[in-house]
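Here is the structure we will look at.
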Number of protein chains: 2
Amino acid sequence: MTDIQRNLSVNKSRLWNMHLEMAKIGPGVAGGNNRQALTDDDRMGRDLFKTWCEAADMTVSIDTMGNMFARRAGTNQTLPPVLAGSHLDTQPTGGRFDGVFGVLAALEAVQTMNDLGIKTERPIEIVNWTNEEGSRFGPPMMGSAVFAGALSEAEAKATKDQDGFTMGEALKEIDYVGKEPTQSRPVHAFIECHIEQGPFLEREDKAIGVVTGVQAMRWYKARVLGEARHAGTTPPSSRKDALTAAAKLVLKIDAIMQHRGDAGRCTVGIFQAFPGSPNVCPDRVEFTVDMRNPTSEELNKMDREFRRAAEDLYIDTGCGVEIEEIWFSEPVHFDQTCIDAIRRGANEHGHPWRDIMSGAGHDAVNMARIAPSAMIFIPCKDGISHNEAEYSSPEAIAAGADVLLSTLLDLAGPTT
Amino acid sequence: MTDIQRNLSVNKSRLWNMHLEMAKIGPGVAGGNNRQALTDDDRMGRDLFKTWCEAADMTVSIDTMGNMFARRAGTNQTLPPVLAGSHLDTQPTGGRFDGVFGVLAALEAVQTMNDLGIKTERPIEIVNWTNEEGSRFGPPMMGSAVFAGALSEAEAKATKDQDGFTMGEALKEIDYVGKEPTQSRPVHAFIECHIEQGPFLEREDKAIGVVTGVQAMRWYKARVLGEARHAGTTPPSSRKDALTAAAKLVLKIDAIMQHRGDAGRCTVGIFQAFPGSPNVCPDRVEFTVDMRNPTSEELNKMDREFRRAAEDLYIDTGCGVEIEEIWFSEPVHFDQTCIDAIRRGANEHGHPWRDIMSGAGHDAVNMARIAPSAMIFIPCKDGISHNEAEYSSPEAIAAGADVLLSTLLDLAGPTT
């Protein structure tokens with residue numbers, strides 16, 4: 001790239017206005033968005049995106065999963081494209097930025113290239129993945145999963161919402177079943193912009209998070225077993241109370257997280273006591289545990305500490321603990337070439353940056369299976385996301401799009 | 001009384017066999033009983049009891065609440081009677097002893113008087129109170145509550161089961177609506193035998209618990225409020241996790257009980273976390289607290305400790321706690337004359353005894369409002385009750401009935 005190309009900036013107000021326009025579709029009840037995948041609002045959001053892409057001289061194609069690809073021609077059309085994007089769908093009480101920023105930042109980068117008459121050797125494609133949130137039809141990251149071969153299309157389309165309506169029917173209903181087969185094809189690189197959804201960038205005043213990978217994760221179901229006893233007649237010395245035992249275990253699980261500073265994650269999200277009567281000591285407590293860590297080794301240590309705590313609990317309280325691991329996800333390590341391109345982009349723009357591991361899954365996790373991939377995070381206020389209060393400033397968004405622009409030019413090879 | 005009268009014993013095998021016969025009606029699934037109030041099984045149990053009473057030359061009358069009174073004439077029929085009894089109904093997975101023992105011990109005491117030709121100055125009435133357990137129609141101790149004026153008959157009869165059937169209809173259905181008005185009338189004393197439902201008598205090898213009263217009780221609903229945050233992206237330093245906060249409070253509530261040795265009771269019976277998703281830190285936990293103590297003063301202290309722990313929790317975790325007291329019940333102190341009669345009875349028989357406070361409510365709590373009352377506890381295996389595994393030995397039962405016999409003779413005034 002030339003020095004000038006290294007110094008290019010996107011149009012901050014155009015990018016911000018696109019966010020505001022998109023946010024008008026499927027408004028929430030508290031300033032955010034409810035634009036769930038495969039609803040009428042999703043269709044309207046997709047239509048608006050398509051209009052914008054075509055206005056930017058891009059060709060929009062849609063695959064059989066409804067994934068949208070807006071292609072900007074390269075000077076060498078035979079080369080595999082560079083993909084950039086994320087998702088336009090939101091949680092039921094979602095924010096205006098989340099994945100939307102990843103799609104619109106890519107569109108803004110292309111618009112800026114158009115403005116400046118910059119051509120690239122490789123084609124650039126902006127992608128809007130279908131149903132990333134998975135709030136109506138699970139699992140999440142569905143469109144990219146089928147594209148990357150991590151989920152069969154038949155299985156994805158057979159998933160049902162609470163009313164028994166299938167994902168395939170819903171996709172037809174909004175008229176977004178495309179002609180392209182949904183399958184892996186040569187992709188030179190995939191870059192996804194996204195808000196951090198955590199507090200680190202804001203706390204450390206970094207404009208850019210260079211996402212080097214996604215944490216490893218284990219999910220468990222745990223069951224603590226005691227004895228149901230009469231609350232009035234049973235003194236402490238005769239109790240085997242599953243709830244107080246489970247409370248001790250919850251605090252030990254929390255300690256497993258706490259003594260790793262900000263590197264570990266342990267969350268007990270579902271927790272219920274049985275039989276559930278005010279004057280009966282619970283004989284059974286069931287809860288889930290979500291544990292995450294950047295490395296498998298450390299996550300394995302956390303797993304061992306959890307199991308040891310459960311054994312100690314039996315010695316301490318007489319209440320046994322059954323632990324069932326229900327999900328394990330390896331850590332994802334993004335592509336070094338993509339990571340280096342993003343770091344260079346941040347340096348060129350003088351944006352303070354840091355490497356960061358993502359705590360949540362994203363479409364880039366699926367894409368990393370089949371193509372060199374990485375992500376660009378930007379700060380969001382108080383780390384709040386999946387919440388209508390979610391907010392990233394126009395400046396934060398423009399900084400992320402600047403870095404994406406540089407990264408795309410780097411990877412797609414500018415030719416002017 | 002003469003020395004011979006002080007030395008009388010009931011017929012242990014007859015008393016045990018009555019328990020076994022009664023247990024055949026409404027058998028449970030695991031060796032216990034499911035003879036819930038106002039079912040066909042309850043009717044059959046009542047019928048059997050009536051047959052036995054009439055065979056023992058007693059006159060059975062029934063009041064409009066279905067309470068059954070089997071009267072043995074006194075030599076002075078104008079004197080108010082001494083009442084003894086409890087209830088024949090059981091929990092859905094109840095035991096064979098519970099209140100049944102209180103009814104059958106009284107019947108056995110009368111049968112023994114008959115065998116020996118003992119007359120009393122005052123009439124003796126054996127009572128079977130309707131719906132003590134309250135498992136199908138709440139509240140519990142219903143029949144005695146209406147009798148003692150603690151609950152209106154109309155209100156009691158209007159209570160509905162899960163199918164919308166009223167208590168009044170159910171009572172008609174089993175044909176146990178009697179002619180006697182259900183209302184307080186002069187009663188010289190009320191003595192209720194019951195299994196302890198706790199571990200103390202067995203642990204200390206005491207045959208008899210002289211029940212001096214019933215613990216004071218407070219019930220609360222508590223709500224801990226935090227912030228819902230993403231389990232993957234939110235580090236410990238950014239969390240306000242309502243569940244870990246609530247777990248700390250549960251352990252403090254447990255400590256309020258533990259440092260009172262076996263004198264206090266604190267139970268968290270219902271406990272649930274919201275929104276209840278494996279990868280979201282809970283923003284809200286709701287739970288109940290059941291606190292009991294023999295004295296109001298000490299229960300008030302426990303209340304203050306609980307509220308202070310909730311305030312400390314806010315300082316410690318940032319999670320607020322809302323506490324709502326939903327029930328307060330004063331301690332009940334039984335009648336000294338009745339208590340003394342029971343102690344004398346135990347001493348006369350050489351049965352080791354101790355004073356004890358009841359942790360649970362009983363019909364005697366209602367009767368204490370209108371008549372001198374007290375209770376006799378006997379040990380039950382491992383303190384287990386409201387459970388089909390509930391067990392008291394033939395010897396334990398006979399010892400309790402021996403003491404009841406002496407107590408009734410003491411209070412009713414033998415005349416032979």
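Here, A, B, ... name the chains of the structure tokens in the order displayed, residue numbers run from 1 inside each chain, and ligands are numbered from 1 in the same displayed order.
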Identify every residue of chain B that has at least one atom within 7 Å of any atom of chain A, counting only C-alpha atoms, and report the result as a PyMOL selection string. chain B and resi 197-198+231-237+244+247+250-251+258+262+265+267-273+276-282+288-290+292+358-360
Looking only at strand (DSSP E or B) from DSSP on the backbone, list the matching residues of range 73-110 of chain B as a PyMOL selection string. chain B and resi 82-86+94
Got a sec: who's within 12 Å of Leu20 in chain B, counting only C-alpha atoms, leaving out chain neighbours fewer than 2 positions off, as a tab-separated table (two decimals) with N, CA and C atoms, in the first residue's frame?
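result.tsv, freshly written:
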```
chain	number	residue	atom	x	y	z
B	13	SER	N	-49.50	-54.74	72.95
B	13	SER	CA	-49.73	-55.40	71.66
B	13	SER	C	-51.04	-54.95	71.04
B	14	ARG	N	-52.06	-54.70	71.88
B	14	ARG	CA	-53.32	-54.21	71.32
B	14	ARG	C	-53.11	-52.83	70.66
B	15	LEU	N	-52.37	-51.99	71.34
B	15	LEU	CA	-52.11	-50.65	70.79
B	15	LEU	C	-51.32	-50.74	69.48
B	16	TRP	N	-50.29	-51.60	69.45
B	16	TRP	CA	-49.48	-51.76	68.24
B	16	TRP	C	-50.35	-52.30	67.09
B	17	ASN	N	-51.18	-53.29	67.42
B	17	ASN	CA	-52.02	-53.89	66.38
B	17	ASN	C	-53.03	-52.89	65.81
B	18	MET	N	-53.54	-52.01	66.67
B	18	MET	CA	-54.43	-50.97	66.14
B	18	MET	C	-53.69	-50.10	65.12
B	22	MET	N	-54.91	-49.78	61.28
B	22	MET	CA	-55.21	-48.48	60.70
B	22	MET	C	-54.32	-48.22	59.48
B	23	ALA	N	-53.08	-48.69	59.53
B	23	ALA	CA	-52.13	-48.43	58.44
B	23	ALA	C	-52.51	-49.17	57.16
B	24	LYS	N	-53.39	-50.19	57.30
B	24	LYS	CA	-53.83	-50.90	56.09
B	24	LYS	C	-54.74	-50.02	55.23
B	25	ILE	N	-55.29	-49.00	55.84
B	25	ILE	CA	-56.21	-48.11	55.11
B	25	ILE	C	-55.41	-46.95	54.53
B	26	GLY	N	-55.46	-46.85	53.20
B	26	GLY	CA	-54.69	-45.79	52.54
B	26	GLY	C	-53.20	-46.05	52.63
B	27	PRO	N	-52.78	-47.24	52.17
B	27	PRO	CA	-51.35	-47.54	52.26
B	27	PRO	C	-50.56	-46.64	51.31
B	31	GLY	N	-44.38	-48.40	52.30
B	31	GLY	CA	-44.52	-48.86	53.68
B	31	GLY	C	-45.18	-47.87	54.62
B	32	GLY	N	-45.48	-46.69	54.13
B	32	GLY	CA	-46.13	-45.68	54.97
B	32	GLY	C	-47.60	-45.56	54.63
B	33	ASN	N	-48.12	-44.35	54.71
B	33	ASN	CA	-49.54	-44.14	54.44
B	33	ASN	C	-49.78	-42.92	53.56
B	45	GLY	N	-60.84	-44.83	57.45
B	45	GLY	CA	-60.10	-44.73	58.71
B	45	GLY	C	-61.00	-44.25	59.83
B	95	GLY	N	-46.36	-41.10	57.25
B	95	GLY	CA	-46.00	-42.27	58.03
B	95	GLY	C	-47.22	-42.88	58.72
B	96	ARG	N	-46.98	-43.98	59.44
B	96	ARG	CA	-48.07	-44.70	60.09
B	96	ARG	C	-48.32	-44.23	61.51
B	97	PHE	N	-47.50	-43.24	61.99
B	97	PHE	CA	-47.55	-42.90	63.41
B	97	PHE	C	-48.00	-41.46	63.63
B	100	VAL	N	-51.70	-40.26	64.18
B	100	VAL	CA	-52.46	-41.49	64.42
B	100	VAL	C	-52.20	-41.99	65.84
B	101	PHE	N	-50.93	-41.93	66.22
B	101	PHE	CA	-50.55	-42.36	67.56
B	101	PHE	C	-51.32	-41.58	68.64
B	104	LEU	N	-54.90	-43.11	68.74
B	104	LEU	CA	-54.98	-44.50	69.19
B	104	LEU	C	-54.45	-44.67	70.62
B	391	TYR	N	-40.94	-44.13	61.72
B	391	TYR	CA	-41.09	-45.32	62.57
B	391	TYR	C	-40.94	-44.99	64.05
B	393	SER	N	-41.22	-47.47	67.70
B	393	SER	CA	-41.32	-48.88	68.08
B	393	SER	C	-42.56	-49.13	68.93
B	394	PRO	N	-43.00	-50.38	69.01
B	394	PRO	CA	-44.13	-50.71	69.89
B	394	PRO	C	-43.86	-50.27	71.33
```
Can you pull out the residues contacting range 56-60 of chain B? Cut-off 7 Å, using only C-alpha atoms, and skip same-chain residues under 2 positions away; I want them as a ChimeraX atom specification. /B:50,52-54,62,68-72,111
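Proximity ranking of B:Lys240, B:His188, B:Arg284, B:Lys301 relative to Thr337 in chain B places B:His188 first, based on only C-alpha atoms.
In this structure, CA of Ala105 in chain A sits 26.3 Å away from CA of Gly149 in chain A.
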As an exercise, work out the distance from CA of Ala84 in chain B to CA of Glu169 in chain B in Å and give it to one decimal place.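 About the pair CA of Ala84 in chain B and CA of Glu169 in chain B: they are 27.8 Å apart.
When only C-alpha atoms are used to compute distances to Leu107 in chain A, the closest of the residues A:Ala156, A:Val10, A:Ile342, A:Cys319 turns out to be A:Val10.
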So the first atom is CA of Thr93 in chain B and the second is CA of Val29 in chain B; what is the distance between them in Å, to one decimal place? 7.9 Å
Which neighbours of range 365-369 of chain A fall inside 8 Å, counting only C-alpha atoms, when residues of the same chain fewer than 4 positions from it are skipped, and could you give them as a PyMOL selection string? chain A and resi 141+144-145+148+150+190+214+332+334-335+361+373-374
Selection to disk with N, CA and C atoms, as a tab-separated table (two decimals), in the first residue's frame:
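Contents of the output file part_3.tsv:
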```tsv
chain	number	residue	atom	x	y	z
A	141	MET	N	-25.39	-18.70	15.60
A	141	MET	CA	-24.36	-18.74	14.53
A	141	MET	C	-24.73	-19.78	13.48
A	144	SER	N	-23.54	-19.23	9.44
A	144	SER	CA	-22.11	-19.46	9.23
A	144	SER	C	-21.75	-20.91	9.53
A	145	ALA	N	-22.47	-21.53	10.46
A	145	ALA	CA	-22.19	-22.94	10.79
A	145	ALA	C	-22.46	-23.84	9.60
A	148	ALA	N	-19.87	-23.24	6.90
A	148	ALA	CA	-18.55	-23.79	7.22
A	148	ALA	C	-18.58	-25.30	7.42
A	150	ALA	N	-20.17	-26.97	9.73
A	150	ALA	CA	-20.22	-27.38	11.14
A	150	ALA	C	-21.62	-27.86	11.53
A	190	PHE	N	-11.39	-13.97	6.28
A	190	PHE	CA	-12.65	-13.44	6.81
A	190	PHE	C	-12.33	-12.54	8.00
A	214	VAL	N	-10.86	-17.22	20.63
A	214	VAL	CA	-12.06	-17.32	21.47
A	214	VAL	C	-11.79	-18.34	22.57
A	332	VAL	N	-10.42	-21.26	20.20
A	332	VAL	CA	-10.18	-20.96	18.78
A	332	VAL	C	-9.01	-19.99	18.71
A	334	PHE	N	-7.17	-17.49	16.14
A	334	PHE	CA	-7.34	-16.89	14.81
A	334	PHE	C	-6.02	-16.86	14.04
A	335	ASP	N	-6.15	-16.55	12.76
A	335	ASP	CA	-5.03	-16.63	11.82
A	335	ASP	C	-4.02	-15.49	12.04
A	361	GLY	N	-18.89	-16.63	21.59
A	361	GLY	CA	-18.75	-17.17	20.23
A	361	GLY	C	-19.21	-16.15	19.21
A	373	SER	N	-9.01	-16.33	9.49
A	373	SER	CA	-10.02	-15.41	10.04
A	373	SER	C	-9.46	-14.66	11.24
A	374	ALA	N	-10.06	-13.52	11.50
A	374	ALA	CA	-9.77	-12.79	12.75
A	374	ALA	C	-10.89	-11.78	12.97
```
Taking 6 positions as the minimum chain separation for residues in the same chain, which residues sit within 8 Å of Lys12 in chain B when counting only C-alpha atoms? Answer as a list in words.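 My reading of the contact set: Pro394, Glu395, Ile397 and Ala398 of chain B.
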For the alpha helix (DSSP H) assignment from backbone DSSP, which residues of range 322-380 of chain A qualify? Please present them as a list in words.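 Here is the list: Gln336, Thr337, Cys338, Ile339, Asp340, Ala341, Ile342, Arg343, Arg344, Gly345, Ala346, Asn347, Glu348, His349, Asp363, Ala364, Val365, Asn366 and Met367 of chain A.
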Within 8 Å of Asn76 in chain B, counting only C-alpha atoms, which residues qualify if same-chain residues fewer than 5 places away don't, as a PDB file with C-alpha atoms, in the first residue's frame?
```
ATOM      1  CA  GLU B 121     -65.256 -38.302  87.680  1.00  0.00           C
ATOM      2  CA  ARG B 122     -65.001 -36.250  84.511  1.00  0.00           C
ATOM      3  CA  PRO B 123     -65.991 -37.586  81.117  1.00  0.00           C
TER       4      PRO B 123
END
```
Go through A:Thr159, A:Ser86, A:Asn34, A:Ser152 one by one, measure the shortest atom-to-atom distance of each to Glu192 in chain A using only C-alpha atoms, and give the residue with the smallest value.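 Using only C-alpha atoms, the shortest distance to Glu192 in chain A belongs to A:Ser86.
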Check the smallest atom-to-atom distance from each of A:Gly318, A:Glu21, A:Thr120, A:Asn131 to Thr75 in chain A using only C-alpha atoms, then report the winner.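 Answer, going by the shortest atom-to-atom distance: A:Thr120.
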